[in-house]
Structures are given as structure tokens and as C-alpha cells.
Amino acid sequence: MRNLPLYAFSTARSAVFSAEYLVLNSLKALMPGSEKYSEKMDRATAFAARAAVQELLRRDAGNIAAGLYPAAVLKPESPLRHMGRIPKLLADGVSIYWRRSRGQTTVFDSEARELLADTPRYYHRNFHFQTDGYLTARSAELYEHQVEMLFGGAADAMRRLIIAPLKKRFGNTNGKGLTFLEIGAGTGRSTRFVRLAFPKAKIVAVDLSDPYLKLAEKHLAEFPRIDFMQADGGKLPFLAEQFDAVYSVFLFHELPLEARKAVLFESRRVLKPGGFVGMVDSLQSRDNTDFDDLLARFPHNYHEPFYRNYLDHSMQGLFQEEGFTDIGTDSGFFSKVCWGAS
């Protein structure tokens, strides 16, 4: 029963983000041409999605109650800060709609264009039709809130799925003496959760986006022993065998196949012998047939150009091709976890 208040809190949080999504989606539905990008689910899929979210939130609360990670992972932000973003989210939602209706996927302001030269070609696009892609401070400010609305307040719980296999690999430890590498750290949401689960570990967080990393550094300023570095996961600037664990969260579905392979190659190169590799990402085809139709529609609705290829190339298979062993998988709602050893 210790997890009941935790589950109740997460359920209430989920309801808030779900309500915000419904409001934003209702406004989009009033715009001409919106039927081309239908995000509605049939009744059976909607029921399955709600049941999967509740199961994930129950499991997350159980993990906290069992001591896998602390209740601090649920620390809410200021309600004023949360509500202060709503007008910006609504305005950005309109911008996203107009870009999507015109098929515009490479629109950047001057700030973003200056950063393009530091990133690979596949990154030069408005993923999710998002304003300036991942290349401005404004994009970084809105991104996590947008993702939580899309997934009904379950995104953070999906991110935390990486912690259970990490704990299984390293046991009941506070992380002392361990060094972790997070590839594609973004604004640092997953970094924070792993840090709370392993408070004595050193974490190196890399990402292609300098604005997102700057926000991550600001959000995680209270935590020592976290280093931030702009770097390409497929060309890591580290010597071999430096890290005890390399992990990523919601990275691989946004990479072309060769980049996925390059990230796994680099992950193995920088891992110590017997080190842990792991990822949380989208479900893939046939992982959960309840959601196969949603998976098929997702790249059209949200401009994910490499997503269909991701669906059809099992991450377990790519782990095996790269030579990782002891491969395991799990899933929760719209996400899967895959892990292995070097």
C-alpha cells in the first residue's frame, strides 16, 4: 500500500497533461486540412492505451516503493512555471500546424541556422514539425512539456524504464566508482532520474544540441559530477573502455539506420569489458500489436523520417550484430527497453 499515494499522484499528473493535449488537439481540429493528420484512436486502441498507461504508472510507483529509485523522481515543477508555458505551447501548436499543413520540415531561424554546421545532415530538420527543430532555447523550453502532453503524462515513467536493468546490472549500489555515458541527453530529464538512482556515479551527458544541453546544465545545477558535452553519438570524443554503462532514451528512432549502427559501434568501443549498454525508445513493429496502427501513423503525423525504418529493424538484432551479449528487453506503454553487455 506504500505505493498508493505515489500512484495517485502520477495518475493526477497524467490527467493534467492529457487534458492539455485534448485542448490543443481540439484547437488544431478546427483548422482547415486537419483531417489529413488524424490523431484520433478507435475505441479499442484508446482503451488499450489508457490501460497501458495505468499499468506503467503502477509499476513506476511500485519501483519507488521498493527503493529502486527515490520518490524525488516525481518532484513536480512550480505550477506557475507549468501554467506560464501554456500560452507559448498554444502559439507554438499553431506554428506547428501551419508547417505541417505546408509540408515544411527544414525551417530554422537565424539562431538555429548558425548551429547547423555542427550537426550531421540528418539532424537538419524540424522533427515533430517542431519550431527550429532541436536547435534553439525556445524549442528546449517547450519540448518536454510537449512530449508529456503527447503521451498523456507517461513520458517520464517511460524514461525511467532504463533504471531497472541498470540496477540489475550493478546491484544495490549508489553508483560510487561508476561512470555512465548518456547519449542524446537532451534537456536532462533522464539524466536526472539516473542521477537520483545512482547519486554517487559520475555521468557524462552528450547531445548534438547546444541549447538543449545548456538547459540541462541549468536544470541539473544542484547535482555534482555531471559533465555536459556537445558531441555526436556516432563519433564519440572519448578513448576506448572508459565507461561502465552507456545508455540512451528516445534517441534511436530519430536516427537513420547507419547512424544507429554507428552509435552502437561507438557505445561498445567506449565501454569497459563487461559494461552495460541500454536504451529506452519507441516500441517497434509487433512488440505490441495493440499499437501497431499508431506506430504506422506516427511518422506521418509527427515528421519522423527514419521512424518506419526503425520500426522494421529490431534493436535486439542490432545489438546482436554489434556483438553485445546477454541481451534483454522489456516494454511499457509506447516504449521498449533493450539492454546488453559488452
# chains A, B, ... in the order shown; residues from 1 in each chain; ligands from 1
>>> select_by_dssp(residues="range 44-257 of chain A", states="strand (DSSP E)", output="list in words")
Thr179, Phe180, Leu181, Glu182, Ile183, Lys202, Ile203, Val204, Ala205, Val206, Asp207, Ile226, Asp227, Phe228, Met229, Gln230, Phe243, Asp244, Ala245, Val246, Tyr247, Ser248 and Val249 of chain A
>>> residues_around(residues="Thr105 in chain A", least_positions_apart="6", cutoff="10 Å", atoms="only C-alpha atoms", output="PDB file with N, CA, C and O atoms, in the first residue's frame")
ATOM      1  N   ILE A  96       3.273  24.896 -35.508  1.00  0.00           N
ATOM      2  CA  ILE A  96       3.500  23.509 -35.929  1.00  0.00           C
ATOM      3  C   ILE A  96       2.451  23.093 -36.951  1.00  0.00           C
ATOM      4  O   ILE A  96       2.763  22.457 -37.968  1.00  0.00           O
ATOM      5  N   ARG A  99       3.213  24.653 -40.404  1.00  0.00           N
ATOM      6  CA  ARG A  99       4.344  23.995 -41.057  1.00  0.00           C
ATOM      7  C   ARG A  99       3.932  22.614 -41.570  1.00  0.00           C
ATOM      8  O   ARG A  99       4.302  22.209 -42.667  1.00  0.00           O
ATOM      9  N   HIS A 124      19.223  18.106 -39.704  1.00  0.00           N
ATOM     10  CA  HIS A 124      18.799  19.406 -40.216  1.00  0.00           C
ATOM     11  C   HIS A 124      17.332  19.379 -40.615  1.00  0.00           C
ATOM     12  O   HIS A 124      16.984  19.498 -41.786  1.00  0.00           O
ATOM     13  N   ARG A 125      16.460  19.235 -39.654  1.00  0.00           N
ATOM     14  CA  ARG A 125      15.030  19.145 -39.947  1.00  0.00           C
ATOM     15  C   ARG A 125      14.244  19.488 -38.688  1.00  0.00           C
ATOM     16  O   ARG A 125      14.756  19.447 -37.574  1.00  0.00           O
ATOM     17  N   ASN A 126      12.975  19.806 -38.906  1.00  0.00           N
ATOM     18  CA  ASN A 126      12.058  20.063 -37.791  1.00  0.00           C
ATOM     19  C   ASN A 126      11.407  18.748 -37.374  1.00  0.00           C
ATOM     20  O   ASN A 126      10.282  18.437 -37.768  1.00  0.00           O
ATOM     21  N   PHE A 127      12.118  17.951 -36.597  1.00  0.00           N
ATOM     22  CA  PHE A 127      11.495  16.744 -36.048  1.00  0.00           C
ATOM     23  C   PHE A 127      10.205  17.135 -35.343  1.00  0.00           C
ATOM     24  O   PHE A 127      10.146  18.141 -34.618  1.00  0.00           O
ATOM     25  N   HIS A 128       9.154  16.346 -35.559  1.00  0.00           N
ATOM     26  CA  HIS A 128       7.815  16.607 -34.993  1.00  0.00           C
ATOM     27  C   HIS A 128       7.241  17.915 -35.528  1.00  0.00           C
ATOM     28  O   HIS A 128       6.312  18.459 -34.919  1.00  0.00           O
ATOM     29  N   PHE A 129       7.786  18.440 -36.632  1.00  0.00           N
ATOM     30  CA  PHE A 129       7.421  19.758 -37.153  1.00  0.00           C
ATOM     31  C   PHE A 129       7.707  20.855 -36.137  1.00  0.00           C
ATOM     32  O   PHE A 129       7.133  21.943 -36.195  1.00  0.00           O
ATOM     33  N   GLN A 130       8.582  20.573 -35.205  1.00  0.00           N
ATOM     34  CA  GLN A 130       8.848  21.482 -34.095  1.00  0.00           C
ATOM     35  C   GLN A 130       9.572  22.737 -34.563  1.00  0.00           C
ATOM     36  O   GLN A 130      10.459  22.685 -35.411  1.00  0.00           O
ATOM     37  N   THR A 131       9.195  23.850 -34.007  1.00  0.00           N
ATOM     38  CA  THR A 131       9.821  25.118 -34.353  1.00  0.00           C
ATOM     39  C   THR A 131      11.321  25.056 -34.115  1.00  0.00           C
ATOM     40  O   THR A 131      11.767  24.794 -32.988  1.00  0.00           O
ATOM     41  N   ASP A 132      12.109  25.263 -35.176  1.00  0.00           N
ATOM     42  CA  ASP A 132      13.581  25.275 -35.121  1.00  0.00           C
ATOM     43  C   ASP A 132      14.178  23.921 -34.743  1.00  0.00           C
ATOM     44  O   ASP A 132      15.333  23.858 -34.318  1.00  0.00           O
ATOM     45  N   GLY A 133      13.411  22.845 -34.938  1.00  0.00           N
ATOM     46  CA  GLY A 133      13.960  21.533 -34.600  1.00  0.00           C
ATOM     47  C   GLY A 133      14.416  21.493 -33.157  1.00  0.00           C
ATOM     48  O   GLY A 133      13.694  21.900 -32.254  1.00  0.00           O
ATOM     49  N   HIS A 303       6.334  13.980 -38.432  1.00  0.00           N
ATOM     50  CA  HIS A 303       7.574  14.098 -39.197  1.00  0.00           C
ATOM     51  C   HIS A 303       8.745  13.409 -38.494  1.00  0.00           C
ATOM     52  O   HIS A 303       9.611  14.041 -37.869  1.00  0.00           O
TER      53      HIS A 303
END
>>> closest_atom_pairs(of="range 5-102 of chain A", to="range 280-291 of chain A", cutoff="9 Å", atoms="only C-alpha atoms", output="CSV")
residue,atom,partner,partner_atom,distance
A:Ala44,CA,A:Asp290,CA,8.4
A:Thr45,CA,A:Asp290,CA,6.3
A:Ala48,CA,A:Asp290,CA,6.8
A:Ala49,CA,A:Phe291,CA,8.0
>>> residues_around(residues="Arg260 in chain A", least_positions_apart="5", cutoff="12 Å", atoms="only C-alpha atoms", output="list in words")
Tyr122, Ile183, Asp232, Gly233, Gly234, Lys235, Ser248, Leu251, Phe252, His253, Glu254, Leu255, Phe265, Glu266, Ser267, Met279, Phe306, Tyr307, Asn309, Tyr310, His313, Ser314, Met315, Gly317, Leu318, Phe319, Glu321 and Glu322 of chain A
>>> write_last_selection(atoms="N, CA, C and O atoms", output="mmCIF file, in the first residue's frame")
data_model
loop_
_atom_site.group_PDB
_atom_site.id
_atom_site.type_symbol
_atom_site.label_atom_id
_atom_site.label_comp_id
_atom_site.auth_asym_id
_atom_site.auth_seq_id
_atom_site.Cartn_x
_atom_site.Cartn_y
_atom_site.Cartn_z
ATOM 1 N N TYR A 122 21.402 14.567 -41.246
ATOM 2 C CA TYR A 122 20.074 14.034 -40.901
ATOM 3 C C TYR A 122 19.391 14.844 -39.808
ATOM 4 O O TYR A 122 18.180 14.763 -39.627
ATOM 5 N N ILE A 183 23.891 9.190 -24.128
ATOM 6 C CA ILE A 183 23.939 9.727 -25.483
ATOM 7 C C ILE A 183 22.556 10.263 -25.851
ATOM 8 O O ILE A 183 21.556 9.579 -25.685
ATOM 9 N N ASP A 232 28.528 14.062 -31.112
ATOM 10 C CA ASP A 232 27.766 13.148 -31.954
ATOM 11 C C ASP A 232 27.952 11.731 -31.406
ATOM 12 O O ASP A 232 29.083 11.254 -31.270
ATOM 13 N N GLY A 233 26.854 11.058 -31.087
ATOM 14 C CA GLY A 233 26.931 9.701 -30.554
ATOM 15 C C GLY A 233 27.583 8.713 -31.497
ATOM 16 O O GLY A 233 28.066 7.664 -31.067
ATOM 17 N N GLY A 234 27.614 9.036 -32.781
ATOM 18 C CA GLY A 234 28.265 8.166 -33.750
ATOM 19 C C GLY A 234 29.736 8.455 -33.940
ATOM 20 O O GLY A 234 30.427 7.733 -34.678
ATOM 21 N N LYS A 235 30.235 9.514 -33.262
ATOM 22 C CA LYS A 235 31.653 9.881 -33.335
ATOM 23 C C LYS A 235 32.084 10.418 -31.973
ATOM 24 O O LYS A 235 32.422 11.590 -31.825
ATOM 25 N N SER A 248 20.847 5.417 -23.662
ATOM 26 C CA SER A 248 20.150 6.496 -24.356
ATOM 27 C C SER A 248 18.653 6.344 -24.114
ATOM 28 O O SER A 248 18.171 5.246 -23.817
ATOM 29 N N LEU A 251 16.297 8.066 -28.469
ATOM 30 C CA LEU A 251 17.282 8.529 -29.441
ATOM 31 C C LEU A 251 17.191 7.785 -30.766
ATOM 32 O O LEU A 251 17.121 8.398 -31.839
ATOM 33 N N PHE A 252 17.190 6.462 -30.740
ATOM 34 C CA PHE A 252 17.432 5.668 -31.944
ATOM 35 C C PHE A 252 16.365 5.834 -33.017
ATOM 36 O O PHE A 252 16.672 5.738 -34.208
ATOM 37 N N HIS A 253 15.119 6.096 -32.630
ATOM 38 C CA HIS A 253 14.070 6.220 -33.655
ATOM 39 C C HIS A 253 14.256 7.461 -34.518
ATOM 40 O O HIS A 253 13.644 7.579 -35.578
ATOM 41 N N GLU A 254 15.091 8.405 -34.084
ATOM 42 C CA GLU A 254 15.328 9.620 -34.853
ATOM 43 C C GLU A 254 16.611 9.554 -35.677
ATOM 44 O O GLU A 254 17.022 10.556 -36.262
ATOM 45 N N LEU A 255 17.214 8.382 -35.735
ATOM 46 C CA LEU A 255 18.456 8.208 -36.479
ATOM 47 C C LEU A 255 18.243 7.332 -37.705
ATOM 48 O O LEU A 255 17.515 6.346 -37.642
ATOM 49 N N PHE A 265 28.223 0.971 -32.369
ATOM 50 C CA PHE A 265 29.661 0.687 -32.502
ATOM 51 C C PHE A 265 30.467 1.526 -31.517
ATOM 52 O O PHE A 265 31.354 1.012 -30.808
ATOM 53 N N GLU A 266 30.159 2.819 -31.452
ATOM 54 C CA GLU A 266 30.872 3.709 -30.545
ATOM 55 C C GLU A 266 30.581 3.366 -29.079
ATOM 56 O O GLU A 266 31.463 3.457 -28.220
ATOM 57 N N SER A 267 29.343 2.970 -28.814
ATOM 58 C CA SER A 267 28.992 2.584 -27.437
ATOM 59 C C SER A 267 29.855 1.413 -26.983
ATOM 60 O O SER A 267 30.375 1.407 -25.864
ATOM 61 N N MET A 279 18.962 1.051 -23.785
ATOM 62 C CA MET A 279 18.179 2.115 -24.408
ATOM 63 C C MET A 279 16.711 1.978 -24.046
ATOM 64 O O MET A 279 16.210 0.876 -23.807
ATOM 65 N N PHE A 306 12.872 8.760 -40.212
ATOM 66 C CA PHE A 306 13.585 7.485 -40.102
ATOM 67 C C PHE A 306 12.820 6.465 -39.270
ATOM 68 O O PHE A 306 13.311 5.376 -38.997
ATOM 69 N N TYR A 307 11.599 6.826 -38.886
ATOM 70 C CA TYR A 307 10.837 6.017 -37.945
ATOM 71 C C TYR A 307 10.378 4.697 -38.550
ATOM 72 O O TYR A 307 10.441 3.656 -37.893
ATOM 73 N N ASN A 309 11.779 2.952 -40.861
ATOM 74 C CA ASN A 309 12.936 2.070 -40.917
ATOM 75 C C ASN A 309 13.264 1.546 -39.525
ATOM 76 O O ASN A 309 13.593 0.362 -39.358
ATOM 77 N N TYR A 310 13.139 2.415 -38.526
ATOM 78 C CA TYR A 310 13.367 1.987 -37.138
ATOM 79 C C TYR A 310 12.394 0.875 -36.744
ATOM 80 O O TYR A 310 12.783 -0.113 -36.104
ATOM 81 N N HIS A 313 13.580 -2.631 -38.051
ATOM 82 C CA HIS A 313 14.922 -3.141 -37.751
ATOM 83 C C HIS A 313 15.058 -3.305 -36.236
ATOM 84 O O HIS A 313 15.356 -2.348 -35.519
ATOM 85 N N SER A 314 14.810 -4.506 -35.783
ATOM 86 C CA SER A 314 14.809 -4.809 -34.356
ATOM 87 C C SER A 314 16.072 -4.316 -33.667
ATOM 88 O O SER A 314 17.195 -4.596 -34.112
ATOM 89 N N MET A 315 15.899 -3.582 -32.584
ATOM 90 C CA MET A 315 17.071 -3.130 -31.828
ATOM 91 C C MET A 315 17.796 -4.307 -31.197
ATOM 92 O O MET A 315 19.025 -4.299 -31.090
ATOM 93 N N GLY A 317 18.196 -7.118 -32.631
ATOM 94 C CA GLY A 317 19.020 -7.617 -33.724
ATOM 95 C C GLY A 317 20.259 -6.766 -33.934
ATOM 96 O O GLY A 317 21.357 -7.297 -34.166
ATOM 97 N N LEU A 318 20.112 -5.433 -33.836
ATOM 98 C CA LEU A 318 21.269 -4.548 -33.996
ATOM 99 C C LEU A 318 22.257 -4.715 -32.847
ATOM 100 O O LEU A 318 23.476 -4.658 -33.048
ATOM 101 N N PHE A 319 21.751 -4.926 -31.643
ATOM 102 C CA PHE A 319 22.632 -5.206 -30.502
ATOM 103 C C PHE A 319 23.445 -6.484 -30.773
ATOM 104 O O PHE A 319 24.654 -6.529 -30.518
ATOM 105 N N GLU A 321 24.153 -7.842 -33.732
ATOM 106 C CA GLU A 321 25.093 -7.596 -34.823
ATOM 107 C C GLU A 321 26.351 -6.895 -34.322
ATOM 108 O O GLU A 321 27.451 -7.143 -34.838
ATOM 109 N N GLU A 322 26.196 -6.020 -33.342
ATOM 110 C CA GLU A 322 27.350 -5.279 -32.834
ATOM 111 C C GLU A 322 28.170 -6.111 -31.859
ATOM 112 O O GLU A 322 29.241 -5.683 -31.433
#
>>> atom_distance(atom1="CA of Leu116 in chain A", atom2="CA of Ala137 in chain A")
14.4 Å
